[in-house]
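Participant: Sharing target_10.txt below, compact mmCIF, N, CA and C atoms:
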```txt
# COMPACT_ATOMS: atom_id res chain seq x y z
N TYR A 28 131.85 -149.68 -12.79
CA TYR A 28 130.86 -150.34 -11.98
C TYR A 28 129.64 -150.68 -12.82
N GLN A 29 129.17 -149.73 -13.59
CA GLN A 29 127.98 -149.96 -14.42
C GLN A 29 128.20 -151.14 -15.37
N CYS A 30 129.37 -151.20 -15.98
CA CYS A 30 129.68 -152.28 -16.91
C CYS A 30 129.76 -153.62 -16.19
N SER A 31 130.44 -153.64 -15.06
CA SER A 31 130.59 -154.89 -14.30
C SER A 31 129.27 -155.37 -13.74
N LEU A 32 128.42 -154.45 -13.33
CA LEU A 32 127.14 -154.81 -12.72
C LEU A 32 126.28 -155.63 -13.67
N ARG A 33 126.41 -155.40 -14.95
CA ARG A 33 125.64 -156.17 -15.93
C ARG A 33 126.12 -157.61 -16.05
N ARG A 34 127.36 -157.89 -15.61
CA ARG A 34 127.95 -159.21 -15.79
C ARG A 34 127.97 -160.05 -14.51
N VAL A 35 127.62 -159.49 -13.38
CA VAL A 35 127.66 -160.24 -12.13
C VAL A 35 126.28 -160.28 -11.50
N GLN A 36 126.06 -161.28 -10.67
CA GLN A 36 124.82 -161.36 -9.93
C GLN A 36 125.15 -161.15 -8.46
N LEU A 37 124.55 -160.15 -7.85
CA LEU A 37 124.79 -159.84 -6.46
C LEU A 37 123.82 -160.63 -5.59
N TYR A 38 124.32 -161.12 -4.47
CA TYR A 38 123.47 -161.89 -3.57
C TYR A 38 124.03 -161.82 -2.17
N GLY A 39 123.28 -162.29 -1.20
CA GLY A 39 123.69 -162.27 0.20
C GLY A 39 123.89 -163.66 0.72
N PRO A 40 124.31 -163.79 1.92
CA PRO A 40 124.53 -162.72 2.89
C PRO A 40 125.80 -161.92 2.55
N THR A 41 125.90 -160.74 3.13
CA THR A 41 127.01 -159.84 2.88
C THR A 41 128.02 -159.97 4.03
N ASN A 42 128.97 -160.86 3.86
CA ASN A 42 129.99 -161.13 4.88
C ASN A 42 131.30 -160.48 4.47
N PHE A 43 131.77 -159.52 5.27
CA PHE A 43 132.99 -158.80 4.95
C PHE A 43 134.22 -159.36 5.67
N ALA A 44 134.04 -159.99 6.81
CA ALA A 44 135.18 -160.46 7.60
C ALA A 44 136.14 -161.35 6.79
N PRO A 45 135.66 -162.29 5.99
CA PRO A 45 136.60 -163.13 5.24
C PRO A 45 137.52 -162.34 4.31
N VAL A 46 137.00 -161.35 3.62
CA VAL A 46 137.85 -160.59 2.70
C VAL A 46 138.77 -159.64 3.46
N VAL A 47 138.32 -159.07 4.56
CA VAL A 47 139.19 -158.23 5.39
C VAL A 47 140.33 -159.08 5.93
N ASN A 48 140.03 -160.26 6.43
CA ASN A 48 141.07 -161.15 6.96
C ASN A 48 142.05 -161.59 5.87
N HIS A 49 141.55 -161.82 4.68
CA HIS A 49 142.41 -162.23 3.56
C HIS A 49 143.43 -161.15 3.24
N VAL A 50 142.96 -159.90 3.10
CA VAL A 50 143.87 -158.80 2.79
C VAL A 50 144.81 -158.54 3.96
N ALA A 51 144.30 -158.67 5.18
CA ALA A 51 145.14 -158.47 6.37
C ALA A 51 146.28 -159.48 6.40
N ARG A 52 146.02 -160.72 6.02
CA ARG A 52 147.09 -161.72 5.99
C ARG A 52 148.18 -161.30 5.00
N SER A 53 147.78 -160.76 3.87
CA SER A 53 148.77 -160.28 2.89
C SER A 53 149.55 -159.09 3.44
N ALA A 54 148.84 -158.16 4.05
CA ALA A 54 149.50 -156.97 4.60
C ALA A 54 150.45 -157.33 5.73
N ALA A 55 150.13 -158.35 6.49
CA ALA A 55 150.96 -158.76 7.62
C ALA A 55 152.31 -159.31 7.17
N THR A 56 152.43 -159.70 5.92
CA THR A 56 153.70 -160.23 5.42
C THR A 56 154.66 -159.13 4.99
N VAL A 57 154.19 -157.88 4.93
CA VAL A 57 155.01 -156.77 4.44
C VAL A 57 155.01 -155.66 5.48
N LEU A 58 155.85 -155.78 6.48
CA LEU A 58 155.88 -154.80 7.56
C LEU A 58 157.08 -153.85 7.46
N ASP A 59 157.79 -153.88 6.35
CA ASP A 59 158.96 -153.01 6.20
C ASP A 59 158.63 -151.67 5.56
N GLY A 60 157.36 -151.41 5.31
CA GLY A 60 156.94 -150.13 4.73
C GLY A 60 157.05 -150.05 3.22
N SER A 61 157.40 -151.14 2.58
CA SER A 61 157.58 -151.12 1.13
C SER A 61 156.26 -151.23 0.35
N GLN A 62 155.20 -151.67 1.03
CA GLN A 62 153.90 -151.80 0.37
C GLN A 62 152.79 -151.33 1.30
N TYR A 63 151.70 -150.87 0.69
CA TYR A 63 150.51 -150.47 1.43
C TYR A 63 149.31 -151.03 0.69
N PHE A 64 148.36 -151.57 1.41
CA PHE A 64 147.20 -152.22 0.81
C PHE A 64 145.95 -151.36 1.01
N VAL A 65 145.12 -151.27 -0.02
CA VAL A 65 143.84 -150.58 0.07
C VAL A 65 142.77 -151.58 -0.34
N LEU A 66 141.85 -151.85 0.57
CA LEU A 66 140.73 -152.74 0.30
C LEU A 66 139.50 -151.88 0.08
N LEU A 67 138.98 -151.91 -1.14
CA LEU A 67 137.76 -151.18 -1.48
C LEU A 67 136.64 -152.20 -1.63
N ILE A 68 135.63 -152.08 -0.79
CA ILE A 68 134.47 -152.96 -0.86
C ILE A 68 133.29 -152.13 -1.31
N ILE A 69 132.71 -152.50 -2.44
CA ILE A 69 131.49 -151.86 -2.93
C ILE A 69 130.38 -152.86 -2.72
N THR A 70 129.38 -152.48 -1.93
CA THR A 70 128.34 -153.43 -1.54
C THR A 70 126.95 -152.87 -1.80
N ASP A 71 126.04 -153.77 -2.11
CA ASP A 71 124.64 -153.38 -2.24
C ASP A 71 123.83 -153.92 -1.07
N GLY A 72 124.51 -154.45 -0.08
CA GLY A 72 123.81 -155.01 1.08
C GLY A 72 124.42 -154.57 2.38
N VAL A 73 123.63 -154.59 3.42
CA VAL A 73 124.10 -154.27 4.76
C VAL A 73 124.95 -155.42 5.28
N ILE A 74 125.96 -155.13 6.06
CA ILE A 74 126.88 -156.15 6.56
C ILE A 74 126.15 -157.19 7.40
N SER A 75 126.31 -158.46 7.03
CA SER A 75 125.63 -159.55 7.74
C SER A 75 126.43 -160.05 8.94
N ASP A 76 127.75 -159.94 8.85
CA ASP A 76 128.61 -160.45 9.92
C ASP A 76 129.30 -159.29 10.66
N MET A 77 128.49 -158.38 11.19
CA MET A 77 129.01 -157.15 11.79
C MET A 77 130.04 -157.41 12.89
N ALA A 78 129.76 -158.31 13.81
CA ALA A 78 130.69 -158.56 14.92
C ALA A 78 132.03 -159.09 14.40
N GLN A 79 131.99 -160.02 13.47
CA GLN A 79 133.21 -160.58 12.90
C GLN A 79 133.97 -159.53 12.08
N THR A 80 133.22 -158.67 11.38
CA THR A 80 133.85 -157.61 10.59
C THR A 80 134.54 -156.61 11.50
N LYS A 81 133.88 -156.21 12.59
CA LYS A 81 134.52 -155.29 13.54
C LYS A 81 135.80 -155.89 14.09
N GLU A 82 135.74 -157.16 14.46
CA GLU A 82 136.93 -157.83 15.00
C GLU A 82 138.05 -157.87 13.96
N ALA A 83 137.71 -158.18 12.72
CA ALA A 83 138.72 -158.24 11.65
C ALA A 83 139.35 -156.87 11.41
N ILE A 84 138.53 -155.81 11.45
CA ILE A 84 139.05 -154.46 11.24
C ILE A 84 139.95 -154.04 12.40
N VAL A 85 139.54 -154.33 13.62
CA VAL A 85 140.38 -154.00 14.78
C VAL A 85 141.70 -154.75 14.69
N ASN A 86 141.66 -156.03 14.34
CA ASN A 86 142.88 -156.82 14.23
C ASN A 86 143.80 -156.28 13.13
N ALA A 87 143.24 -155.69 12.09
CA ALA A 87 144.03 -155.17 10.97
C ALA A 87 144.48 -153.72 11.18
N ALA A 88 144.05 -153.10 12.26
CA ALA A 88 144.28 -151.67 12.46
C ALA A 88 145.75 -151.27 12.46
N LYS A 89 146.64 -152.14 12.87
CA LYS A 89 148.06 -151.79 12.94
C LYS A 89 148.83 -152.21 11.70
N LEU A 90 148.14 -152.76 10.73
CA LEU A 90 148.78 -153.22 9.50
C LEU A 90 148.81 -152.10 8.47
N PRO A 91 149.69 -152.21 7.48
CA PRO A 91 149.76 -151.19 6.44
C PRO A 91 148.63 -151.36 5.42
N MET A 92 147.41 -151.01 5.88
CA MET A 92 146.25 -151.16 5.00
C MET A 92 145.14 -150.21 5.40
N SER A 93 144.33 -149.85 4.42
CA SER A 93 143.12 -149.07 4.64
C SER A 93 141.95 -149.86 4.10
N ILE A 94 140.79 -149.67 4.73
CA ILE A 94 139.57 -150.35 4.30
C ILE A 94 138.53 -149.28 4.00
N ILE A 95 138.00 -149.32 2.79
CA ILE A 95 136.97 -148.37 2.36
C ILE A 95 135.75 -149.19 1.99
N ILE A 96 134.61 -148.88 2.62
CA ILE A 96 133.36 -149.58 2.32
C ILE A 96 132.38 -148.57 1.75
N VAL A 97 131.89 -148.86 0.54
CA VAL A 97 130.95 -147.97 -0.15
C VAL A 97 129.64 -148.72 -0.35
N GLY A 98 128.55 -148.16 0.17
CA GLY A 98 127.24 -148.75 -0.02
C GLY A 98 126.55 -148.16 -1.24
N VAL A 99 126.05 -149.01 -2.12
CA VAL A 99 125.34 -148.57 -3.32
C VAL A 99 123.99 -149.28 -3.40
N GLY A 100 123.08 -148.74 -4.14
CA GLY A 100 121.80 -149.40 -4.34
C GLY A 100 120.75 -148.99 -3.33
N GLN A 101 119.73 -149.83 -3.21
CA GLN A 101 118.54 -149.49 -2.45
C GLN A 101 118.57 -149.94 -0.99
N ALA A 102 119.60 -150.67 -0.58
CA ALA A 102 119.66 -151.14 0.81
C ALA A 102 119.74 -149.96 1.77
N GLU A 103 119.30 -150.18 2.99
CA GLU A 103 119.34 -149.13 4.00
C GLU A 103 120.70 -149.17 4.70
N PHE A 104 121.54 -148.21 4.38
CA PHE A 104 122.85 -148.11 5.01
C PHE A 104 122.72 -147.08 6.12
N ASP A 105 122.52 -147.56 7.33
CA ASP A 105 122.18 -146.67 8.45
C ASP A 105 123.38 -146.21 9.26
N GLY A 106 124.59 -146.46 8.77
CA GLY A 106 125.76 -145.94 9.45
C GLY A 106 126.30 -146.82 10.56
N LYS A 107 125.86 -148.04 10.70
CA LYS A 107 126.35 -148.91 11.77
C LYS A 107 127.86 -149.08 11.73
N ILE A 108 128.44 -149.14 10.57
CA ILE A 108 129.87 -149.40 10.44
C ILE A 108 130.71 -148.15 10.71
N TRP A 109 130.16 -146.99 10.61
CA TRP A 109 130.98 -145.77 10.65
C TRP A 109 131.65 -145.56 12.00
N GLY A 110 131.25 -146.21 13.05
CA GLY A 110 131.92 -146.08 14.33
C GLY A 110 133.28 -146.73 14.36
N LEU A 111 133.72 -147.32 13.25
CA LEU A 111 134.99 -148.03 13.22
C LEU A 111 136.15 -147.17 12.76
N GLY A 112 135.91 -145.94 12.38
CA GLY A 112 136.91 -145.08 11.75
C GLY A 112 138.35 -145.26 12.19
N ASP A 113 138.71 -144.83 13.38
CA ASP A 113 140.09 -144.91 13.86
C ASP A 113 140.07 -145.76 15.12
N THR A 114 140.18 -147.07 14.94
CA THR A 114 139.98 -147.99 16.06
C THR A 114 141.10 -147.97 17.06
N ARG A 115 142.33 -147.87 16.62
CA ARG A 115 143.49 -147.90 17.52
C ARG A 115 143.38 -149.00 18.56
N GLY A 116 142.95 -150.18 18.11
CA GLY A 116 142.91 -151.34 19.00
C GLY A 116 141.66 -151.47 19.83
N ARG A 117 140.63 -150.69 19.54
CA ARG A 117 139.39 -150.81 20.30
C ARG A 117 138.22 -150.71 19.33
N LEU A 118 137.08 -151.20 19.74
CA LEU A 118 135.89 -151.13 18.90
C LEU A 118 135.23 -149.78 19.06
N GLY A 119 134.82 -149.20 17.95
CA GLY A 119 134.08 -147.95 18.00
C GLY A 119 132.60 -148.22 17.88
N GLY A 120 131.81 -147.19 18.10
CA GLY A 120 130.37 -147.28 17.88
C GLY A 120 129.58 -148.06 18.83
```
Have the structure of the file written as structure tokens, please.
Facilitator:
Amino acid sequence: YQCSLRRVQLYGPTNFAPVVNHVARSAATVLDGSQYFVLLIITDGVISDMAQTKEAIVNAAKLPMSIIIVGVGQAEFDGKIWGLGDTRGRLGG
């Protein structure tokens, strides 16, 4: 992370729904249990598209994938997303 951070410029808005949907589309093509997808998002900003991100996570809940969101830096990560843990088809939080 330290090495990569020197080579990239971080900016907003911080929209997660597009990347969640992208990985979900890939996971949806492999329902035979032969593959499992892990989406790791490392962010320095608070989620800008919270409603769309919640919807994308709920829609992906039955797919063979996990989503891990790690907040780094000085932004205020107040736990808004943590209500999504085990959605089972419903919105948490």
Participant: Rounded to one decimal in Å, what is the spacing between atom CA of A:Pro40 and atom N of A:Leu67?
Facilitator: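 Atom-to-atom, atom CA of A:Pro40 and atom N of A:Leu67 are spaced 18.5 Å apart.
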Participant: For the atom pair atom CA of A:Ser31 and atom N of A:Ile95, what is the interatomic distance in Å to one decimal place?
Facilitator: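 These two atoms are separated by 19.4 Å.
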Participant: Quick one: residues within 7 Å of A:Ile84, only C-alpha atoms counted, chain neighbours fewer than 4 positions away excluded, as number ranges by chain?
Facilitator: A: 47, 80, 88
Participant: Could you save those same residues with N, CA and C atoms as an mmCIF file, in the coordinates of the input?
Facilitator:
```cif
data_model
loop_
_atom_site.group_PDB
_atom_site.id
_atom_site.type_symbol
_atom_site.label_atom_id
_atom_site.label_comp_id
_atom_site.auth_asym_id
_atom_site.auth_seq_id
_atom_site.Cartn_x
_atom_site.Cartn_y
_atom_site.Cartn_z
ATOM 1 N N VAL A 47 138.320 -159.070 4.560
ATOM 2 C CA VAL A 47 139.190 -158.230 5.390
ATOM 3 C C VAL A 47 140.330 -159.080 5.930
ATOM 4 N N THR A 80 133.220 -158.670 11.380
ATOM 5 C CA THR A 80 133.850 -157.610 10.590
ATOM 6 C C THR A 80 134.540 -156.610 11.500
ATOM 7 N N ALA A 88 144.050 -153.100 12.260
ATOM 8 C CA ALA A 88 144.280 -151.670 12.460
ATOM 9 C C ALA A 88 145.750 -151.270 12.460
#
```
Participant: Name the closest residue to A:Tyr63 among the candidates A:Leu90, A:Ala83, A:Phe43, A:Glu103; distances are taken between atoms, counting all atoms listed in the file.
Facilitator: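 Counting all atoms listed in the file, the residue closest to A:Tyr63 is A:Leu90.
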Participant: Pick from A:Gly72, A:Gly100, A:Val57, A:Val85: nearest to A:Tyr38, with all atoms listed in the file counted?
Facilitator: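 Using all atoms listed in the file, A:Tyr38 sits closest to A:Gly72.
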Participant: Quick one: everything within 8 Å of A:Asn48, counting only C-alpha atoms, minus sequence neighbours fewer than 3 positions away in the same chain. Send it as a list in words.
Facilitator: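 That gives Ala44, Pro45, Ala51, Arg52, Ala83 and Ala87 of chain A.
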Participant: Between A:Ile68, A:Ala78, A:Val46, A:Val73, which has the minimum distance to A:Ile94 (counting all atoms listed in the file)?
Facilitator: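 Nearest to A:Ile94: A:Ile68.
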Participant: Output as a VMD selection string all residues of chain A that backbone DSSP marks as helix (DSSP H, G or I).
Facilitator: chain A and resid 29 to 32 44 to 55 77 to 87 107 to 111
Participant: Could you check how far atom N of A:Ser53 sits from atom N of A:Glu82, in Å to one decimal?
Facilitator: 16.4 Å
Participant: Looking only at strand (DSSP E or B) from DSSP on the backbone, list the matching residues of chain A as a list of chain:residue names.
Facilitator: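 So the strand (DSSP E or B) residues in chain A would be A:Phe64, A:Val65, A:Leu66, A:Leu67, A:Ile68, A:Ile69, A:Thr70, A:Met92, A:Ser93, A:Ile94, A:Ile95, A:Ile96, A:Val97, A:Gly98.
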Participant: Quick one: residues within 7 Å of A:Ile69, only N, CA and C atoms counted, chain neighbours fewer than 4 positions away excluded, as a PyMOL selection string?
Facilitator: chain A and resi 95-99
Participant: Pick out the closest residue to A:Ala102 from this set: A:Ala55, A:Leu66, A:Val35, A:Ile74. Count only C-alpha atoms.
Facilitator: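 Using only C-alpha atoms, the shortest distance to A:Ala102 belongs to A:Ile74.
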Participant: Using all atoms of stretch 91-94 of chain A that appear in the file, construct an axis-aligned enclosing box with 8 Å of padding on every side and provide its centre coordinates and edge lengths in Å, rounded to one decimal, as AutoDock Vina command-line options.
Facilitator:
```
--center_x 144.1 --center_y -150.6 --center_z 5.7 --size_x 27.2 --size_y 19.1 --size_z 19.5
```
